[in-house]
file target-v8.txt (compact mmCIF, N, CA and C atoms)
# COMPACT_ATOMS: atom_id res chain seq x y z
N MET S 11 106.29 51.59 57.24
CA MET S 11 107.37 52.39 56.70
C MET S 11 106.90 53.84 56.61
N ASN S 12 107.73 54.76 57.08
CA ASN S 12 107.41 56.18 57.01
C ASN S 12 107.59 56.68 55.59
N THR S 13 106.68 57.54 55.18
CA THR S 13 106.81 58.17 53.86
C THR S 13 106.73 59.67 54.04
N SER S 14 107.22 60.38 53.05
CA SER S 14 107.15 61.84 53.07
C SER S 14 105.77 62.27 52.60
N PRO S 15 105.45 63.56 52.75
CA PRO S 15 104.15 64.04 52.26
C PRO S 15 103.95 63.79 50.76
N LEU S 16 105.06 63.66 50.02
CA LEU S 16 104.96 63.41 48.59
C LEU S 16 105.04 61.92 48.27
N GLY S 17 105.15 61.08 49.29
CA GLY S 17 105.18 59.65 49.07
C GLY S 17 106.55 59.04 48.89
N PHE S 18 107.62 59.81 49.11
CA PHE S 18 108.97 59.25 48.97
C PHE S 18 109.19 58.19 50.04
N ARG S 19 109.75 57.03 49.65
CA ARG S 19 109.94 55.93 50.59
C ARG S 19 111.39 55.58 50.81
N CYS S 20 112.20 55.47 49.76
CA CYS S 20 113.61 55.09 49.88
C CYS S 20 114.32 55.40 48.58
N VAL S 21 115.64 55.32 48.61
CA VAL S 21 116.41 55.48 47.38
C VAL S 21 116.34 54.16 46.63
N LYS S 22 115.81 54.15 45.43
CA LYS S 22 115.62 52.93 44.65
C LYS S 22 116.85 52.60 43.80
N VAL S 23 117.40 53.61 43.11
CA VAL S 23 118.51 53.39 42.19
C VAL S 23 119.53 54.51 42.35
N VAL S 24 120.80 54.12 42.37
CA VAL S 24 121.91 55.06 42.28
C VAL S 24 122.70 54.64 41.05
N ALA S 25 122.82 55.51 40.07
CA ALA S 25 123.56 55.21 38.85
C ALA S 25 124.97 55.76 38.96
N LEU S 26 125.96 54.91 38.67
CA LEU S 26 127.36 55.30 38.73
C LEU S 26 127.97 55.27 37.35
N SER S 27 128.72 56.29 37.02
CA SER S 27 129.44 56.35 35.76
C SER S 27 130.64 55.41 35.81
N VAL S 28 130.84 54.62 34.76
CA VAL S 28 131.98 53.71 34.69
C VAL S 28 132.69 53.87 33.35
N LEU S 29 134.00 53.71 33.38
CA LEU S 29 134.79 53.78 32.14
C LEU S 29 134.94 52.40 31.51
N ASP S 30 135.12 51.39 32.35
CA ASP S 30 135.32 50.01 31.88
C ASP S 30 134.23 49.15 32.51
N PHE S 31 133.21 48.85 31.72
CA PHE S 31 132.03 48.14 32.22
C PHE S 31 132.38 46.77 32.79
N ASP S 32 133.23 46.01 32.11
CA ASP S 32 133.61 44.68 32.59
C ASP S 32 134.37 44.76 33.91
N ARG S 33 135.30 45.70 34.00
CA ARG S 33 136.08 45.87 35.23
C ARG S 33 135.16 46.26 36.38
N ALA S 34 134.22 47.16 36.13
CA ALA S 34 133.29 47.61 37.16
C ALA S 34 132.39 46.46 37.61
N ASN S 35 131.91 45.64 36.68
CA ASN S 35 131.08 44.49 37.05
C ASN S 35 131.87 43.51 37.91
N LYS S 36 133.13 43.29 37.59
CA LYS S 36 133.97 42.41 38.39
C LYS S 36 134.14 42.99 39.80
N PHE S 37 134.39 44.30 39.89
CA PHE S 37 134.57 44.95 41.19
C PHE S 37 133.33 44.79 42.07
N TYR S 38 132.16 45.16 41.54
CA TYR S 38 130.94 45.11 42.36
C TYR S 38 130.46 43.69 42.61
N GLY S 39 130.58 42.82 41.62
CA GLY S 39 130.09 41.46 41.79
C GLY S 39 131.05 40.55 42.54
N GLU S 40 132.35 40.62 42.20
CA GLU S 40 133.32 39.72 42.82
C GLU S 40 134.04 40.34 44.01
N THR S 41 134.63 41.52 43.83
CA THR S 41 135.40 42.13 44.91
C THR S 41 134.51 42.50 46.09
N LEU S 42 133.39 43.19 45.83
CA LEU S 42 132.49 43.56 46.91
C LEU S 42 131.48 42.46 47.24
N GLY S 43 131.28 41.53 46.33
CA GLY S 43 130.36 40.41 46.58
C GLY S 43 128.89 40.80 46.64
N LEU S 44 128.50 41.84 45.91
CA LEU S 44 127.10 42.26 45.91
C LEU S 44 126.29 41.36 44.98
N PRO S 45 125.05 41.04 45.36
CA PRO S 45 124.21 40.21 44.49
C PRO S 45 123.72 41.01 43.28
N PRO S 46 123.67 40.36 42.12
CA PRO S 46 123.19 41.05 40.93
C PRO S 46 121.69 41.31 41.03
N GLU S 47 121.24 42.35 40.37
CA GLU S 47 119.82 42.70 40.31
C GLU S 47 119.37 42.62 38.86
N TYR S 48 118.21 42.02 38.64
CA TYR S 48 117.70 41.79 37.28
C TYR S 48 116.35 42.45 37.08
N GLU S 49 116.11 42.86 35.84
CA GLU S 49 114.79 43.28 35.39
C GLU S 49 114.56 42.60 34.05
N ASN S 50 113.47 41.84 33.95
CA ASN S 50 113.15 41.10 32.72
C ASN S 50 114.33 40.25 32.26
N LYS S 51 114.94 39.54 33.17
CA LYS S 51 116.05 38.61 32.91
C LYS S 51 117.34 39.28 32.46
N GLU S 52 117.40 40.61 32.51
CA GLU S 52 118.60 41.34 32.13
C GLU S 52 119.19 41.98 33.39
N GLN S 53 120.50 41.75 33.60
CA GLN S 53 121.13 42.35 34.76
C GLN S 53 121.21 43.86 34.58
N VAL S 54 120.72 44.58 35.60
CA VAL S 54 120.70 46.04 35.53
C VAL S 54 121.64 46.68 36.55
N GLY S 55 122.21 45.88 37.46
CA GLY S 55 123.10 46.43 38.47
C GLY S 55 123.28 45.46 39.61
N TYR S 56 123.52 46.02 40.80
CA TYR S 56 123.77 45.21 42.00
C TYR S 56 122.90 45.72 43.13
N ARG S 57 122.46 44.81 43.97
CA ARG S 57 121.56 45.12 45.07
C ARG S 57 122.34 45.44 46.34
N VAL S 58 121.98 46.56 46.99
CA VAL S 58 122.48 46.92 48.32
C VAL S 58 121.23 47.26 49.13
N GLY S 59 120.76 46.33 49.94
CA GLY S 59 119.52 46.54 50.68
C GLY S 59 118.37 46.75 49.72
N GLN S 60 117.70 47.88 49.83
CA GLN S 60 116.58 48.20 48.95
C GLN S 60 116.99 49.01 47.73
N THR S 61 118.29 49.27 47.59
CA THR S 61 118.78 50.13 46.52
C THR S 61 119.53 49.34 45.45
N ILE S 62 119.38 49.74 44.22
CA ILE S 62 120.11 49.15 43.10
C ILE S 62 121.24 50.10 42.71
N LEU S 63 122.47 49.59 42.69
CA LEU S 63 123.59 50.34 42.14
C LEU S 63 123.65 49.98 40.66
N MET S 64 123.34 50.94 39.81
CA MET S 64 123.31 50.72 38.37
C MET S 64 124.58 51.28 37.76
N LEU S 65 125.25 50.50 36.93
CA LEU S 65 126.49 50.92 36.30
C LEU S 65 126.18 51.44 34.90
N LYS S 66 126.65 52.64 34.61
CA LYS S 66 126.37 53.28 33.33
C LYS S 66 127.66 53.61 32.60
N ALA S 67 127.93 52.91 31.51
CA ALA S 67 129.11 53.18 30.69
C ALA S 67 128.80 54.27 29.67
N ASN S 68 129.83 54.99 29.28
CA ASN S 68 129.73 56.00 28.22
C ASN S 68 128.77 57.14 28.52
N TRP S 69 128.67 57.52 29.77
CA TRP S 69 127.91 58.70 30.14
C TRP S 69 128.72 59.93 29.78
N ASP S 70 128.07 61.07 29.70
CA ASP S 70 128.78 62.32 29.48
C ASP S 70 129.56 62.75 30.72
N VAL S 71 129.20 62.19 31.87
CA VAL S 71 129.83 62.56 33.13
C VAL S 71 130.81 61.47 33.54
N PRO S 72 132.12 61.77 33.59
CA PRO S 72 133.09 60.76 33.99
C PRO S 72 133.03 60.51 35.50
N PRO S 73 133.58 59.36 35.96
CA PRO S 73 133.62 59.09 37.40
C PRO S 73 134.40 60.19 38.12
N THR S 74 134.06 60.37 39.39
CA THR S 74 134.71 61.41 40.17
C THR S 74 134.78 61.02 41.64
N GLU S 75 135.79 61.52 42.35
CA GLU S 75 135.89 61.30 43.79
C GLU S 75 134.94 62.20 44.56
N ALA S 76 134.39 63.20 43.93
CA ALA S 76 133.49 64.13 44.60
C ALA S 76 132.14 64.15 43.90
N PRO S 77 131.41 63.03 43.94
CA PRO S 77 130.14 62.98 43.21
C PRO S 77 129.09 63.87 43.86
N ASN S 78 128.17 64.30 43.06
CA ASN S 78 127.03 65.02 43.56
C ASN S 78 125.81 64.39 42.92
N PRO S 79 124.99 63.64 43.59
CA PRO S 79 124.95 63.47 45.03
C PRO S 79 125.98 62.45 45.53
N ARG S 80 126.23 62.53 46.82
CA ARG S 80 127.15 61.61 47.48
C ARG S 80 126.40 60.33 47.83
N VAL S 81 127.03 59.18 47.58
CA VAL S 81 126.42 57.89 47.88
C VAL S 81 127.03 57.35 49.17
N THR S 82 126.17 57.05 50.15
CA THR S 82 126.62 56.47 51.42
C THR S 82 125.88 55.16 51.64
N ILE S 83 126.64 54.10 51.92
CA ILE S 83 126.07 52.77 52.15
C ILE S 83 126.16 52.46 53.64
N GLU S 84 125.04 52.11 54.24
CA GLU S 84 125.03 51.73 55.65
C GLU S 84 125.60 50.32 55.80
N THR S 85 126.47 50.11 56.78
CA THR S 85 127.04 48.80 57.06
C THR S 85 126.76 48.43 58.51
N GLU S 86 126.96 47.15 58.84
CA GLU S 86 126.78 46.72 60.22
C GLU S 86 127.88 47.29 61.11
N ASN S 87 129.12 47.32 60.62
CA ASN S 87 130.26 47.78 61.40
C ASN S 87 131.28 48.39 60.44
N ALA S 88 131.34 49.71 60.40
CA ALA S 88 132.19 50.40 59.43
C ALA S 88 133.66 50.03 59.57
N ARG S 89 134.12 49.84 60.80
CA ARG S 89 135.54 49.49 61.00
C ARG S 89 135.84 48.11 60.40
N GLU S 90 134.94 47.17 60.57
CA GLU S 90 135.12 45.84 59.99
C GLU S 90 134.98 45.89 58.47
N THR S 91 134.09 46.73 57.97
CA THR S 91 133.94 46.90 56.53
C THR S 91 135.24 47.42 55.94
N GLU S 92 135.85 48.41 56.59
CA GLU S 92 137.12 48.94 56.11
C GLU S 92 138.19 47.85 56.06
N LYS S 93 138.29 47.05 57.11
CA LYS S 93 139.26 45.95 57.13
C LYS S 93 139.01 44.99 55.98
N GLY S 94 137.75 44.65 55.76
CA GLY S 94 137.40 43.73 54.68
C GLY S 94 137.72 44.29 53.31
N LEU S 95 137.46 45.59 53.12
CA LEU S 95 137.77 46.23 51.84
C LEU S 95 139.28 46.23 51.60
N ARG S 96 140.05 46.59 52.62
CA ARG S 96 141.52 46.59 52.49
C ARG S 96 142.04 45.20 52.14
N ALA S 97 141.47 44.18 52.78
CA ALA S 97 141.90 42.80 52.52
C ALA S 97 141.64 42.39 51.08
N ARG S 98 140.67 43.02 50.44
CA ARG S 98 140.34 42.73 49.04
C ARG S 98 141.07 43.64 48.07
N GLY S 99 141.96 44.48 48.61
CA GLY S 99 142.76 45.36 47.76
C GLY S 99 142.05 46.63 47.32
N VAL S 100 140.97 46.99 48.00
CA VAL S 100 140.21 48.18 47.64
C VAL S 100 140.88 49.41 48.25
N VAL S 101 140.96 50.50 47.49
CA VAL S 101 141.58 51.74 47.95
C VAL S 101 140.64 52.45 48.92
N ILE S 102 141.13 52.66 50.15
CA ILE S 102 140.37 53.42 51.15
C ILE S 102 140.79 54.88 51.00
N SER S 103 139.86 55.72 50.58
CA SER S 103 140.19 57.14 50.36
C SER S 103 140.05 57.97 51.63
N ASP S 104 139.15 57.57 52.50
CA ASP S 104 138.96 58.24 53.79
C ASP S 104 138.79 57.16 54.85
N PRO S 105 139.82 56.93 55.69
CA PRO S 105 139.69 55.92 56.74
C PRO S 105 138.52 56.25 57.67
N VAL S 106 137.97 55.22 58.28
CA VAL S 106 136.82 55.37 59.17
C VAL S 106 137.16 56.30 60.33
N GLN S 107 136.26 57.24 60.59
CA GLN S 107 136.38 58.17 61.71
C GLN S 107 135.01 58.35 62.33
N VAL S 108 134.99 58.80 63.58
CA VAL S 108 133.73 59.11 64.24
C VAL S 108 133.18 60.40 63.64
N TYR S 109 131.91 60.39 63.31
CA TYR S 109 131.23 61.56 62.75
C TYR S 109 130.00 61.83 63.61
N ASP S 110 129.81 62.98 64.05
CA ASP S 110 128.68 63.47 64.85
C ASP S 110 128.41 62.63 66.10
N GLN S 111 129.41 62.03 66.67
CA GLN S 111 129.33 61.23 67.90
C GLN S 111 128.51 59.95 67.78
N ASP S 112 127.73 59.79 66.72
CA ASP S 112 126.84 58.65 66.60
C ASP S 112 127.21 57.67 65.49
N HIS S 113 128.06 58.10 64.57
CA HIS S 113 128.35 57.28 63.39
C HIS S 113 129.85 57.14 63.15
N TYR S 114 130.22 56.00 62.59
CA TYR S 114 131.54 55.82 62.00
C TYR S 114 131.35 56.01 60.50
N VAL S 115 132.24 56.78 59.86
CA VAL S 115 132.11 57.05 58.43
C VAL S 115 133.48 56.91 57.76
N GLY S 116 133.52 56.27 56.59
CA GLY S 116 134.73 56.17 55.78
C GLY S 116 134.34 56.13 54.32
N SER S 117 135.33 56.08 53.44
CA SER S 117 135.02 55.99 52.01
C SER S 117 136.08 55.17 51.29
N PHE S 118 135.69 54.68 50.11
CA PHE S 118 136.60 53.92 49.27
C PHE S 118 136.35 54.29 47.82
N LEU S 119 137.32 53.94 46.97
CA LEU S 119 137.19 54.18 45.53
C LEU S 119 136.83 52.87 44.85
N ASP S 120 135.88 52.93 43.93
CA ASP S 120 135.57 51.74 43.16
C ASP S 120 136.59 51.58 42.04
N SER S 121 136.41 50.59 41.21
CA SER S 121 137.36 50.29 40.14
C SER S 121 137.46 51.40 39.11
N GLU S 122 136.47 52.30 39.08
CA GLU S 122 136.42 53.36 38.09
C GLU S 122 136.80 54.73 38.65
N GLY S 123 137.11 54.79 39.94
CA GLY S 123 137.48 56.05 40.56
C GLY S 123 136.34 56.78 41.24
N ASN S 124 135.13 56.20 41.26
CA ASN S 124 134.02 56.79 41.99
C ASN S 124 134.26 56.62 43.48
N LYS S 125 134.03 57.67 44.25
CA LYS S 125 134.15 57.58 45.71
C LYS S 125 132.81 57.20 46.29
N LEU S 126 132.79 56.12 47.07
CA LEU S 126 131.60 55.68 47.76
C LEU S 126 131.86 55.73 49.26
N TRP S 127 130.91 56.25 50.02
CA TRP S 127 131.03 56.36 51.46
C TRP S 127 130.30 55.20 52.12
N PHE S 128 130.71 54.85 53.33
CA PHE S 128 130.01 53.83 54.11
C PHE S 128 129.97 54.28 55.55
N CYS S 129 128.96 53.83 56.30
CA CYS S 129 128.81 54.27 57.68
C CYS S 129 128.12 53.19 58.51
N SER S 130 128.28 53.32 59.81
CA SER S 130 127.55 52.48 60.77
C SER S 130 127.38 53.29 62.04
N TYR S 131 126.51 52.82 62.91
CA TYR S 131 126.37 53.47 64.21
C TYR S 131 127.58 53.13 65.06
N VAL S 132 127.95 54.05 65.97
CA VAL S 132 129.07 53.84 66.89
C VAL S 132 128.68 52.75 67.86
call {"tool": "encode", "arguments": {"input": "target-v8.txt", "output": "structure tokens"}}
result
Amino acid sequence: MNTSPLGFRCVKVVALSVLDFDRANKFYGETLGLPPEYENKEQVGYRVGQTILMLKANWDVPPTEAPNPRVTIETENARETEKGLRARGVVISDPVQVYDQDHYVGSFLDSEGNKLWFCSYV
């Protein structure tokens, strides 16, 4: 695995602001079907590859469609991911389009209004 001069390897955790913790857990666990991630027998979020999506209720920062930083999830096939999300009733905020000739990119809103991007190679 390649590392940076400072030893950076991968994004470990992305924390998302949520207004309704139960609704958000249902969205990520049931609607998206992500596996739960645990630390010391306590669920801390959901696993996406090597990254943990951590849900944080009652933050000072409310959910937003324009987060900084932007979260992008790599998928096997972005067009199929979009179809699957639509079939589950998920709001597609940016339909999949070709980006930089090499990638398909789209976005959706989670149950709390956070915009999440997804991409795959063309």
call {"tool": "atom_distance", "arguments": {"input": "target-v8.txt", "atom1": "atom CA of S:Ile102", "atom2": "atom CA of S:Gln53"}}
result
27.6 Å
call {"tool": "closest_atom_pairs", "arguments": {"input": "target-v8.txt", "of": "stretch 48-104 of chain S", "to": "stretch 108-121 of chain S", "cutoff": "8 Å", "atoms": "all atoms listed in the file", "output": "JSON lines"}}
result
{"residue": "S:Glu75", "atom": "CA", "partner": "S:Leu119", "partner_atom": "CA", "distance": 7.4}
{"residue": "S:Asn87", "atom": "C", "partner": "S:Tyr114", "partner_atom": "CA", "distance": 7.6}
{"residue": "S:Ala88", "atom": "CA", "partner": "S:Tyr114", "partner_atom": "C", "distance": 5.8}
{"residue": "S:Arg89", "atom": "N", "partner": "S:Tyr114", "partner_atom": "CA", "distance": 6.6}
{"residue": "S:Glu92", "atom": "CA", "partner": "S:Gly116", "partner_atom": "CA", "distance": 7.6}
{"residue": "S:Val100", "atom": "C", "partner": "S:Leu119", "partner_atom": "N", "distance": 5.9}
{"residue": "S:Val101", "atom": "C", "partner": "S:Leu119", "partner_atom": "N", "distance": 4.1}
{"residue": "S:Ile102", "atom": "CA", "partner": "S:Phe118", "partner_atom": "CA", "distance": 4.2}
{"residue": "S:Ser103", "atom": "N", "partner": "S:Ser117", "partner_atom": "C", "distance": 3.9}
{"residue": "S:Asp104", "atom": "C", "partner": "S:Ser117", "partner_atom": "N", "distance": 3.9}
call {"tool": "atom_distance", "arguments": {"input": "target-v8.txt", "atom1": "atom CA of S:Glu52", "atom2": "atom C of S:Thr91"}}
result
29.7 Å
call {"tool": "atom_distance", "arguments": {"input": "target-v8.txt", "atom1": "atom CA of S:Leu29", "atom2": "atom CA of S:Ser130"}}
result
29.6 Å
call {"tool": "select_by_dssp", "arguments": {"input": "target-v8.txt", "residues": "stretch 23-63 of chain S", "states": "strand (DSSP E or B)", "output": "list of chain:residue names"}}
result
S:Val23, S:Val24, S:Ala25, S:Leu26, S:Ser27, S:Val28, S:Pro46, S:Glu47, S:Tyr48, S:Glu49, S:Glu52, S:Gln53, S:Val54, S:Gly55, S:Tyr56, S:Arg57, S:Val58, S:Thr61, S:Ile62, S:Leu63
call {"tool": "closest_residue", "arguments": {"input": "target-v8.txt", "among": "S:Ala67, S:Val58, S:Leu26, S:Ala76", "to": "S:Pro45", "atoms": "only N, CA and C atoms"}}
result
S:Val58
call {"tool": "closest_residue", "arguments": {"input": "target-v8.txt", "among": "S:Gln107, S:Cys20, S:Ser27, S:Ser14", "to": "S:Pro72", "atoms": "all atoms listed in the file"}}
result
S:Ser27
call {"tool": "closest_residue", "arguments": {"input": "target-v8.txt", "among": "S:Asn68, S:Gly123, S:Ala25, S:Cys129", "to": "S:Pro105", "atoms": "only C-alpha atoms"}}
result
S:Cys129
call {"tool": "decode", "arguments": {"input": "target-v8.txt", "residues": "stretch 118-131 of chain S", "atoms": "N, CA and C atoms", "output": "PDB file, in the first residue's frame"}}
result
ATOM      1  N   PHE S 118     -26.494  11.507  -4.016  1.00  0.00           N
ATOM      2  CA  PHE S 118     -27.807  11.278  -3.423  1.00  0.00           C
ATOM      3  C   PHE S 118     -27.850  11.941  -2.057  1.00  0.00           C
ATOM      4  N   LEU S 119     -29.074  12.104  -1.550  1.00  0.00           N
ATOM      5  CA  LEU S 119     -29.266  12.666  -0.214  1.00  0.00           C
ATOM      6  C   LEU S 119     -29.574  11.544   0.759  1.00  0.00           C
ATOM      7  N   ASP S 120     -28.952  11.588   1.928  1.00  0.00           N
ATOM      8  CA  ASP S 120     -29.290  10.603   2.945  1.00  0.00           C
ATOM      9  C   ASP S 120     -30.566  11.027   3.656  1.00  0.00           C
ATOM     10  N   SER S 121     -30.970  10.281   4.644  1.00  0.00           N
ATOM     11  CA  SER S 121     -32.224  10.553   5.356  1.00  0.00           C
ATOM     12  C   SER S 121     -32.210  11.879   6.090  1.00  0.00           C
ATOM     13  N   GLU S 122     -31.020  12.448   6.306  1.00  0.00           N
ATOM     14  CA  GLU S 122     -30.891  13.688   7.068  1.00  0.00           C
ATOM     15  C   GLU S 122     -30.614  14.902   6.195  1.00  0.00           C
ATOM     16  N   GLY S 123     -30.516  14.700   4.881  1.00  0.00           N
ATOM     17  CA  GLY S 123     -30.248  15.802   3.973  1.00  0.00           C
ATOM     18  C   GLY S 123     -28.787  15.983   3.618  1.00  0.00           C
ATOM     19  N   ASN S 124     -27.899  15.117   4.111  1.00  0.00           N
ATOM     20  CA  ASN S 124     -26.494  15.170   3.719  1.00  0.00           C
ATOM     21  C   ASN S 124     -26.360  14.685   2.281  1.00  0.00           C
ATOM     22  N   LYS S 125     -25.589  15.383   1.475  1.00  0.00           N
ATOM     23  CA  LYS S 125     -25.331  14.949   0.105  1.00  0.00           C
ATOM     24  C   LYS S 125     -24.089  14.083   0.093  1.00  0.00           C
ATOM     25  N   LEU S 126     -24.231  12.872  -0.451  1.00  0.00           N
ATOM     26  CA  LEU S 126     -23.117  11.958  -0.605  1.00  0.00           C
ATOM     27  C   LEU S 126     -22.927  11.679  -2.092  1.00  0.00           C
ATOM     28  N   TRP S 127     -21.686  11.697  -2.545  1.00  0.00           N
ATOM     29  CA  TRP S 127     -21.361  11.447  -3.941  1.00  0.00           C
ATOM     30  C   TRP S 127     -20.920   9.997  -4.107  1.00  0.00           C
ATOM     31  N   PHE S 128     -21.078   9.467  -5.305  1.00  0.00           N
ATOM     32  CA  PHE S 128     -20.581   8.129  -5.616  1.00  0.00           C
ATOM     33  C   PHE S 128     -20.001   8.154  -7.017  1.00  0.00           C
ATOM     34  N   CYS S 129     -19.042   7.260  -7.283  1.00  0.00           N
ATOM     35  CA  CYS S 129     -18.376   7.257  -8.584  1.00  0.00           C
ATOM     36  C   CYS S 129     -17.905   5.857  -8.935  1.00  0.00           C
ATOM     37  N   SER S 130     -17.649   5.670 -10.213  1.00  0.00           N
ATOM     38  CA  SER S 130     -17.014   4.447 -10.710  1.00  0.00           C
ATOM     39  C   SER S 130     -16.240   4.813 -11.962  1.00  0.00           C
ATOM     40  N   TYR S 131     -15.378   3.904 -12.385  1.00  0.00           N
ATOM     41  CA  TYR S 131     -14.681   4.125 -13.646  1.00  0.00           C
ATOM     42  C   TYR S 131     -15.641   3.913 -14.794  1.00  0.00           C
TER      43      TYR S 131
END
